[in-house]
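Participant: Below: one structure in structure tokens.
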Amino acid sequence: FARDPDTGAAKWFYQWSPHDLHDYDGINEQVLLDMNWQGKPRKVLVRPERNGYLYVLDRATGEVLSAKPYGPVNSSKGVDLKTGRLMENPDKLTGTGKVVRDICPTASGLKDWQPSAFSPRTGLLYIPHNNLCMDEEGVEVNYIAGTPYVGMNVRMIPGPGGNRGAFTAWDIAAEKPAWSLKENFPVWSGAVVTAGDVVFYGTMEGWFKAVSAKTGELLWQFKTSSGIIGQPITYRGPDGHQYV
């Protein structure tokens with residue numbers, strides 16, 4: 001939802017997953033960039049959404065410029081750029097008492113809250129994300145204190161390739177991945193990228209990794225005492241050195 005702060009007037013709005021049947025809550029971060037898009041300067045909003053699409057919007061008008069899947073997606077058949085609407089996949093529509101198998105991504109999304117990172121040096125967006133699919137069954141629910149109130153049974157399984165997560169560098173202008181690293185478990189850390197072309201992220205197996213921002217080559221890793229679910233940061237210390 002875009003609002004003019006000077007007048008309070010609404011400018012535009014956009015809904016990522018209308019009539020959401022798979023719990024793709026729109027909570028993901030939005031990256032604001034000024035860039036050339038197909039030969040024209042644009043003020044854009046970039047969003048790797050839970051429904052599996054990497055959206056590029058003109059943030060002045062709300063026009064959907066691009067919406068490409070950045071991982072396995074079959075819960076919908078794409079995004080109509082003329083209307084901005086998801087094109088539903090009738091084979092993956094759920095309902096009460098109905099079991100639908102192999103829906104990608106899962107209710108936790110292709111990516112959840114964990115923030116991505118953008119480098120103006122490479123033009124790439126670095127995305128920590130899931131690679132999971134699910135079987136989903138809608139059920140009647142009654143409120144019982146102390147129990148989950150979900151309305152569906154969900155069984156999650158690894159996505160294509162057998163890995164449960166990935167760390168992907170997305171070329172925004174080219175609308176495709178530059179490189180992607182498979183991880184055994186979902187990648188629920190955030191990411192941070194430096195001007196030295198190094199990207200940092202963590203895994204649920206406890207590895208804190210540094211990889212090349214250009215190629216994804218592993219440069220360094222450190223084994224922590226637990227799985228990593230949190231945002232890496234970088235700062236300059238009192239000694240003048242940069243720390244992560």
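To be explicit about the labels: the chains of the structure tokens are called A, B, and onward in the order shown, and within each one the residues are counted from 1, while ligands get numbers from 1 in the order they are shown.
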Give me the range 133-181 of chain A side of the contact with range 47-67 of chain A, cut-off 12 Å, one line per residue showing its nearest atom pair and distance in Å at one decimal, counting only C-alpha atoms, sorted by chain and residue number, as CSV.

Facilitator:
residue,atom,partner,partner_atom,distance
A:Cys133,CA,A:Gly52,CA,11.5
A:Thr168,CA,A:Pro48,CA,11.0
A:Ala169,CA,A:Pro48,CA,11.5
A:Trp170,CA,A:Leu54,CA,8.8
A:Asp171,CA,A:Leu54,CA,10.4
A:Ile172,CA,A:Val56,CA,8.0
A:Ala173,CA,A:Val56,CA,9.5
A:Ala174,CA,A:Ser66,CA,10.3
A:Glu175,CA,A:Ser66,CA,7.5
A:Lys176,CA,A:Leu54,CA,9.4
A:Pro177,CA,A:Leu54,CA,10.5

Participant: For the residues in the current selection, export N, CA and C atoms as a short mmCIF file (atom, residue, chain, number, x, y, z; two decimals), in the first residue's frame.

Facilitator:
data_model
loop_
_atom_site.label_atom_id
_atom_site.label_comp_id
_atom_site.auth_asym_id
_atom_site.auth_seq_id
_atom_site.Cartn_x
_atom_site.Cartn_y
_atom_site.Cartn_z
N CYS A 133 8.15 -28.74 -0.36
CA CYS A 133 6.81 -28.90 -0.90
C CYS A 133 5.95 -29.56 0.18
N THR A 168 20.38 -18.24 -2.96
CA THR A 168 20.35 -17.90 -4.38
C THR A 168 20.70 -16.44 -4.62
N ALA A 169 21.57 -16.21 -5.60
CA ALA A 169 21.88 -14.85 -6.06
C ALA A 169 21.05 -14.59 -7.31
N TRP A 170 20.16 -13.59 -7.23
CA TRP A 170 19.22 -13.30 -8.32
C TRP A 170 19.65 -12.04 -9.06
N ASP A 171 19.79 -12.17 -10.39
CA ASP A 171 20.10 -11.03 -11.25
C ASP A 171 18.79 -10.32 -11.56
N ILE A 172 18.56 -9.18 -10.93
CA ILE A 172 17.27 -8.49 -11.05
C ILE A 172 17.02 -8.04 -12.48
N ALA A 173 18.01 -7.44 -13.12
CA ALA A 173 17.84 -6.92 -14.48
C ALA A 173 17.62 -8.05 -15.49
N ALA A 174 18.32 -9.16 -15.31
CA ALA A 174 18.21 -10.29 -16.25
C ALA A 174 17.03 -11.20 -15.93
N GLU A 175 16.41 -11.01 -14.75
CA GLU A 175 15.24 -11.79 -14.33
C GLU A 175 15.54 -13.29 -14.22
N LYS A 176 16.72 -13.62 -13.68
CA LYS A 176 17.09 -15.03 -13.54
C LYS A 176 18.19 -15.17 -12.50
N PRO A 177 18.38 -16.38 -11.97
CA PRO A 177 19.46 -16.57 -10.98
C PRO A 177 20.83 -16.48 -11.63
#

Participant: Would you mind listing what lies within 12 Å of Ile127 in chain A as a PDB file with C-alpha atoms, in the first residue's frame, with only C-alpha atoms counted and same-chain residues fewer than 5 positions away left out?

Facilitator:
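The result, stored in result.pdb:
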ATOM      1  CA  ASN A  28       8.578 -10.335   3.356  1.00  0.00           C
ATOM      2  CA  GLU A  29      10.932  -7.383   3.035  1.00  0.00           C
ATOM      3  CA  VAL A  31      14.071  -3.613  -1.373  1.00  0.00           C
ATOM      4  CA  VAL A  46      11.902  -5.640  -5.364  1.00  0.00           C
ATOM      5  CA  ARG A  47      10.319  -8.353  -3.250  1.00  0.00           C
ATOM      6  CA  PRO A  48      11.109 -12.083  -3.018  1.00  0.00           C
ATOM      7  CA  GLU A  49       7.642 -13.164  -1.940  1.00  0.00           C
ATOM      8  CA  ARG A  50       6.491 -16.195   0.026  1.00  0.00           C
ATOM      9  CA  GLY A  52       7.649 -18.103  -4.785  1.00  0.00           C
ATOM     10  CA  TYR A  53       7.892 -15.152  -7.165  1.00  0.00           C
ATOM     11  CA  LEU A  54      10.557 -12.467  -7.325  1.00  0.00           C
ATOM     12  CA  TYR A  70      13.121 -18.021  -7.840  1.00  0.00           C
ATOM     13  CA  GLY A  71      12.589 -21.656  -6.865  1.00  0.00           C
ATOM     14  CA  LEU A 110       9.618 -20.265  -0.665  1.00  0.00           C
ATOM     15  CA  LYS A 111      11.059 -17.591   1.630  1.00  0.00           C
ATOM     16  CA  ASP A 112       9.806 -16.476   5.035  1.00  0.00           C
ATOM     17  CA  TRP A 113      10.820 -13.448   7.162  1.00  0.00           C
ATOM     18  CA  GLN A 114      14.593 -13.848   6.770  1.00  0.00           C
ATOM     19  CA  PRO A 115      15.824 -10.762   4.849  1.00  0.00           C
ATOM     20  CA  SER A 116      17.719 -10.792   1.587  1.00  0.00           C
ATOM     21  CA  ALA A 117      20.640  -8.477   0.755  1.00  0.00           C
ATOM     22  CA  PHE A 118      21.360  -6.387  -2.371  1.00  0.00           C
ATOM     23  CA  SER A 119      24.758  -5.375  -3.727  1.00  0.00           C
ATOM     24  CA  GLY A 165      16.985 -25.080   1.359  1.00  0.00           C
ATOM     25  CA  ALA A 166      19.097 -22.890  -0.896  1.00  0.00           C
ATOM     26  CA  PHE A 167      20.953 -19.602  -1.042  1.00  0.00           C
ATOM     27  CA  THR A 168      20.353 -17.899  -4.382  1.00  0.00           C
ATOM     28  CA  ALA A 169      21.884 -14.853  -6.064  1.00  0.00           C
ATOM     29  CA  TRP A 170      19.224 -13.304  -8.321  1.00  0.00           C
ATOM     30  CA  ASP A 171      20.096 -11.028 -11.246  1.00  0.00           C
ATOM     31  CA  ILE A 172      17.272  -8.491 -11.052  1.00  0.00           C
ATOM     32  CA  PRO A 177      19.455 -16.572 -10.983  1.00  0.00           C
ATOM     33  CA  ALA A 178      23.157 -15.840 -11.350  1.00  0.00           C
ATOM     34  CA  TRP A 179      24.042 -18.781  -9.088  1.00  0.00           C
ATOM     35  CA  SER A 180      22.470 -20.881  -6.348  1.00  0.00           C
ATOM     36  CA  LEU A 181      23.875 -22.999  -3.509  1.00  0.00           C
ATOM     37  CA  PRO A 186      15.992 -24.486   4.987  1.00  0.00           C
ATOM     38  CA  VAL A 187      18.126 -21.340   5.147  1.00  0.00           C
ATOM     39  CA  TRP A 188      16.516 -19.258   7.885  1.00  0.00           C
ATOM     40  CA  SER A 189      19.306 -16.798   8.530  1.00  0.00           C
ATOM     41  CA  GLY A 190      19.276 -13.477   6.773  1.00  0.00           C
ATOM     42  CA  ALA A 191      22.101 -12.335   4.517  1.00  0.00           C
ATOM     43  CA  VAL A 192      24.598  -9.478   4.505  1.00  0.00           C
ATOM     44  CA  VAL A 193      26.824  -8.479   1.568  1.00  0.00           C
ATOM     45  CA  VAL A 199      28.218 -12.525   1.246  1.00  0.00           C
ATOM     46  CA  PHE A 200      27.577 -14.004   4.699  1.00  0.00           C
ATOM     47  CA  TYR A 201      24.766 -16.326   5.774  1.00  0.00           C
ATOM     48  CA  GLY A 202      24.170 -19.160   8.236  1.00  0.00           C
ATOM     49  CA  ALA A 213      29.221 -12.379  -4.155  1.00  0.00           C
TER      50      ALA A 213
END

Participant: Please compute the CA of Pro120 in chain A-CA of Gln15 in chain A distance, one decimal, in Å.

Facilitator: 27.6 Å

Participant: Quote the spacing between CA of Thr96 in chain A and CA of Gly78 in chain A in Å to one decimal place.

Facilitator: 24.9 Å

Participant: Which residues come within 12 Å of Gln242 in chain A, counting only C-alpha atoms, excluding same-chain residues fewer than 3 positions away, as a list of chain:residue names?

Facilitator: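 Contacts, with the query itself left out: A:Thr194, A:Ala195, A:Gly196, A:Ile233, A:Thr234, A:Tyr235, A:Arg236, A:Gly237, A:Pro238, A:Asp239.
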
Participant: Counting only C-alpha atoms, which residue out of A:Thr122, A:Asn153, A:Thr224, A:Asn163 sits closest to Glu140 in chain A?

Facilitator: A:Asn153

Participant: What are the DSSP strand (DSSP E or B) residues of range 100-132 of chain A, as an MDAnalysis selection string?

Facilitator: chainID A and resid 100:103 117:119 124:130 132

Participant: Convert the current residue selection to file output with C-alpha atoms, as a PDB file, in the first residue's frame.

Facilitator:
ATOM      1  CA  VAL A 100      -3.839 -32.128  -2.253  1.00  0.00           C
ATOM      2  CA  ARG A 101      -0.341 -33.507  -2.677  1.00  0.00           C
ATOM      3  CA  ASP A 102       2.972 -32.014  -3.766  1.00  0.00           C
ATOM      4  CA  ILE A 103       2.192 -28.299  -3.439  1.00  0.00           C
ATOM      5  CA  ALA A 117      20.640  -8.477   0.755  1.00  0.00           C
ATOM      6  CA  PHE A 118      21.360  -6.387  -2.371  1.00  0.00           C
ATOM      7  CA  SER A 119      24.758  -5.375  -3.727  1.00  0.00           C
ATOM      8  CA  LEU A 124      22.437  -9.177  -7.457  1.00  0.00           C
ATOM      9  CA  LEU A 125      19.914  -9.867  -4.704  1.00  0.00           C
ATOM     10  CA  TYR A 126      21.069 -12.588  -2.281  1.00  0.00           C
ATOM     11  CA  ILE A 127      18.137 -14.679  -1.068  1.00  0.00           C
ATOM     12  CA  PRO A 128      18.137 -17.262   1.764  1.00  0.00           C
ATOM     13  CA  HIS A 129      15.164 -19.541   1.201  1.00  0.00           C
ATOM     14  CA  ASN A 130      13.400 -22.878   1.490  1.00  0.00           C
ATOM     15  CA  LEU A 132      10.081 -27.518   0.423  1.00  0.00           C
TER      16      LEU A 132
END

Participant: Quick one: everything within 9 Å of Val150 in chain A, counting only C-alpha atoms, minus sequence neighbours fewer than 2 positions away in the same chain. Send it as JSON, numbers by chain.

Facilitator: {"A": [139, 141, 148, 152, 153]}
